[in-house]
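Engineer: Here's a structure for you.
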Amino acid sequence: GFRNGGHRSRSGTAVPAVPANPGLTTWFHGTPPPTAANGTSCHETNRITVFVLQIADLNRPIPSAVFDLVFLETLILHKTNFTGQIPHSITNLSHLKFLDLSWNHLSGDIPSFLSQLNNLETIELSFNNFTGSIPPSLSQLQNLSGLFLGRNKLTGEIPESFADFRQQDFYLRMSHNQLSGEIPRKMEHANFIVIDVSRNMLDGDISFFFGKNKSLIYADFSRNLLRSSKLRRIFTTGACVYMRINIEKNKKENDLDKIICDVIKNR
């Protein structure tokens with residue numbers, strides 16, 4: 001079965017092994033048991049709060065038994081070759097703070113019901129096969145400070161509701177998708193420290209991300225459809241520590257055939 005003996009609680013005291021969930025015992029189909037990088041961690045009450053499984057060739061949907069671990073705060077299923085969609089039963093994990101399902105073969109829409117997980121601080125869904133538009137309801141997660149959706153097949157526009165992210169030092173990475181339309185100007189009200197929307201089909205003005213009162217230290221808008229005339233405004237702000245804007249694959253106008261800007265500035 002899936003083992004979790006030998007772990008220590010947050011207070012540092014040893015926690016007895018918790019009996020394996022019968023629904024988890026058939027996961028591996030003859031593959032080796034979890035390594036030191038995998039396993040579970042328990043609270044003093046013997047409730048499983050951390051579940052980590054990395055680098056496995058399971059090639060199946062995520063087992064429903066995972067979503068019976070209702071006290072989970074961290075769920076990491078990374079490079080496990082899980083397939084299928086994110087099931088609605090994930091909403092059972094009402095204590096979840098950190099969700100990492102990256103580097104799998106998950107597909108379908110990114111479900112709007114993720115917004116029901118009110119304690120989420122990080123959503124990592126990069127390197128999958130998600131399609132459709134990004135659910136605007138994700139902005140309802142008031143504790144969210146990191147959203148990673150890169151390397152999928154997402155389409156549509158960036159939701160205007162992303163202006164409602166209120167956490168300090170917000171990380172937003174959505175590169176290598178098929179997002180289109182103008183980047184919502186309302187996003188100037190969010191406090192991004194990192195934003196990467198490179199390799200999409202986005203247009204519009206991005207100068208509002210920059211300024212003396214902004215916290216942004218890294219930005220990548222390369223390989224989009226941004227207009228060079230609008231990008232000129234950025235260089236008057238002088239607030240960005242690192243900014244990469246590759247206009248070679250963006251729209252060309254005002255006789256600017258090719259501009260590549262790798263700008264490093266101190267505040």
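Following the order of the structure tokens, chains are lettered A, B, ..., residues in each are numbered from 1, and ligands are numbered from 1.
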Near stretch 185-200 of chain A, within 10 Å and counting only C-alpha atoms, which residues show up once chain neighbours fewer than 6 positions away are dropped, as a PyMOL selection string?

Structural biologist: chain A and resi 145-151+154-155+158-179+206-210+213-225+240+242-246+249-250

Engineer: So, with only C-alpha atoms as the atoms that count, which of A:Glu124, A:Asp100, A:Glu73, A:Glu157 lies closest to A:Gln54?

Structural biologist: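 For A:Gln54, the nearest of the given residues is A:Asp100.
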
Engineer: Within 12 Å of A:Thr91, counting only C-alpha atoms, which residues qualify if same-chain residues fewer than 3 places away don't, as a list in words?

Structural biologist: Ser64, Val66, Phe67, Asp68, Leu69, Val70, Phe71, Leu72, Ile86, Pro87, His88, Ser94, His95, Leu96, Leu99, Pro111, Ser112, Phe113, Leu114, Ser115, Gln116, Leu117, Asn118, Asn119 and Leu120 of chain A

Engineer: Given only C-alpha atoms as the basis, pick out the residue of A:Lys212, A:Lys97, A:Arg227, A:His105 nearest to A:Thr74.

Structural biologist: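 Nearest to A:Thr74: A:Lys97.
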
Engineer: Run DSSP on the backbone and grab whatever in stretch 133-229 of chain A lands in helix (DSSP H, G or I); send it over as a PyMOL selection string.

Structural biologist: chain A and resi 136-140+160-164+185-189+207-209+228-229

Engineer: Have a look at atom CA of A:Leu202 and atom CA of A:Ser133 and let me know their distance in Å, one decimal.

Structural biologist: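 Separation between atom CA of A:Leu202 and atom CA of A:Ser133: 13.9 Å.
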
Engineer: One number please: atom CA of A:Gly156 to atom CA of A:Leu226, in Å, one decimal.

Structural biologist: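 Distance between the two atoms: 16.3 Å.
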
Engineer: What's the separation between atom CA of A:Gly181 and atom CA of A:Gln140, in Å to one decimal place?

Structural biologist: 22.2 Å

Engineer: Pick out the residues sitting within 6 Å of A:Ser41, and hand them over as a CSV table (one decimal) with N, CA, C and O atoms, in the first residue's frame; count only C-alpha atoms, and ignore anything fewer than 3 positions along from it in its own chain.

Structural biologist:
chain,number,residue,atom,x,y,z
A,48,ILE,N,-4.0,13.2,6.9
A,48,ILE,CA,-3.0,13.4,5.9
A,48,ILE,C,-3.2,14.8,5.3
A,48,ILE,O,-4.3,15.1,4.8
A,49,THR,N,-2.2,15.6,5.3
A,49,THR,CA,-2.2,17.0,4.9
A,49,THR,C,-1.4,17.2,3.6
A,49,THR,O,-1.6,18.2,2.9
A,50,VAL,N,-0.5,16.3,3.3
A,50,VAL,CA,0.4,16.5,2.2
A,50,VAL,C,0.4,15.1,1.4
A,50,VAL,O,0.6,14.1,2.0

Engineer: Check the DSSP output for the backbone and give back, as a PyMOL selection string, the residues of stretch 18-194 of chain A in strand (DSSP E).

Structural biologist: chain A and resi 39-42+48-54+60-61+74-78+82-84+98-100+105-109+122-124+129-132+146-148+153-156+170-173+178-182+192-194

Engineer: At a cut-off of 7 Å, using only C-alpha atoms, what residues contact A:Ser102? Leave out same-chain residues fewer than 3 positions from it and give the result as a ChimeraX atom specification.

Structural biologist: /A:78-79,124-128
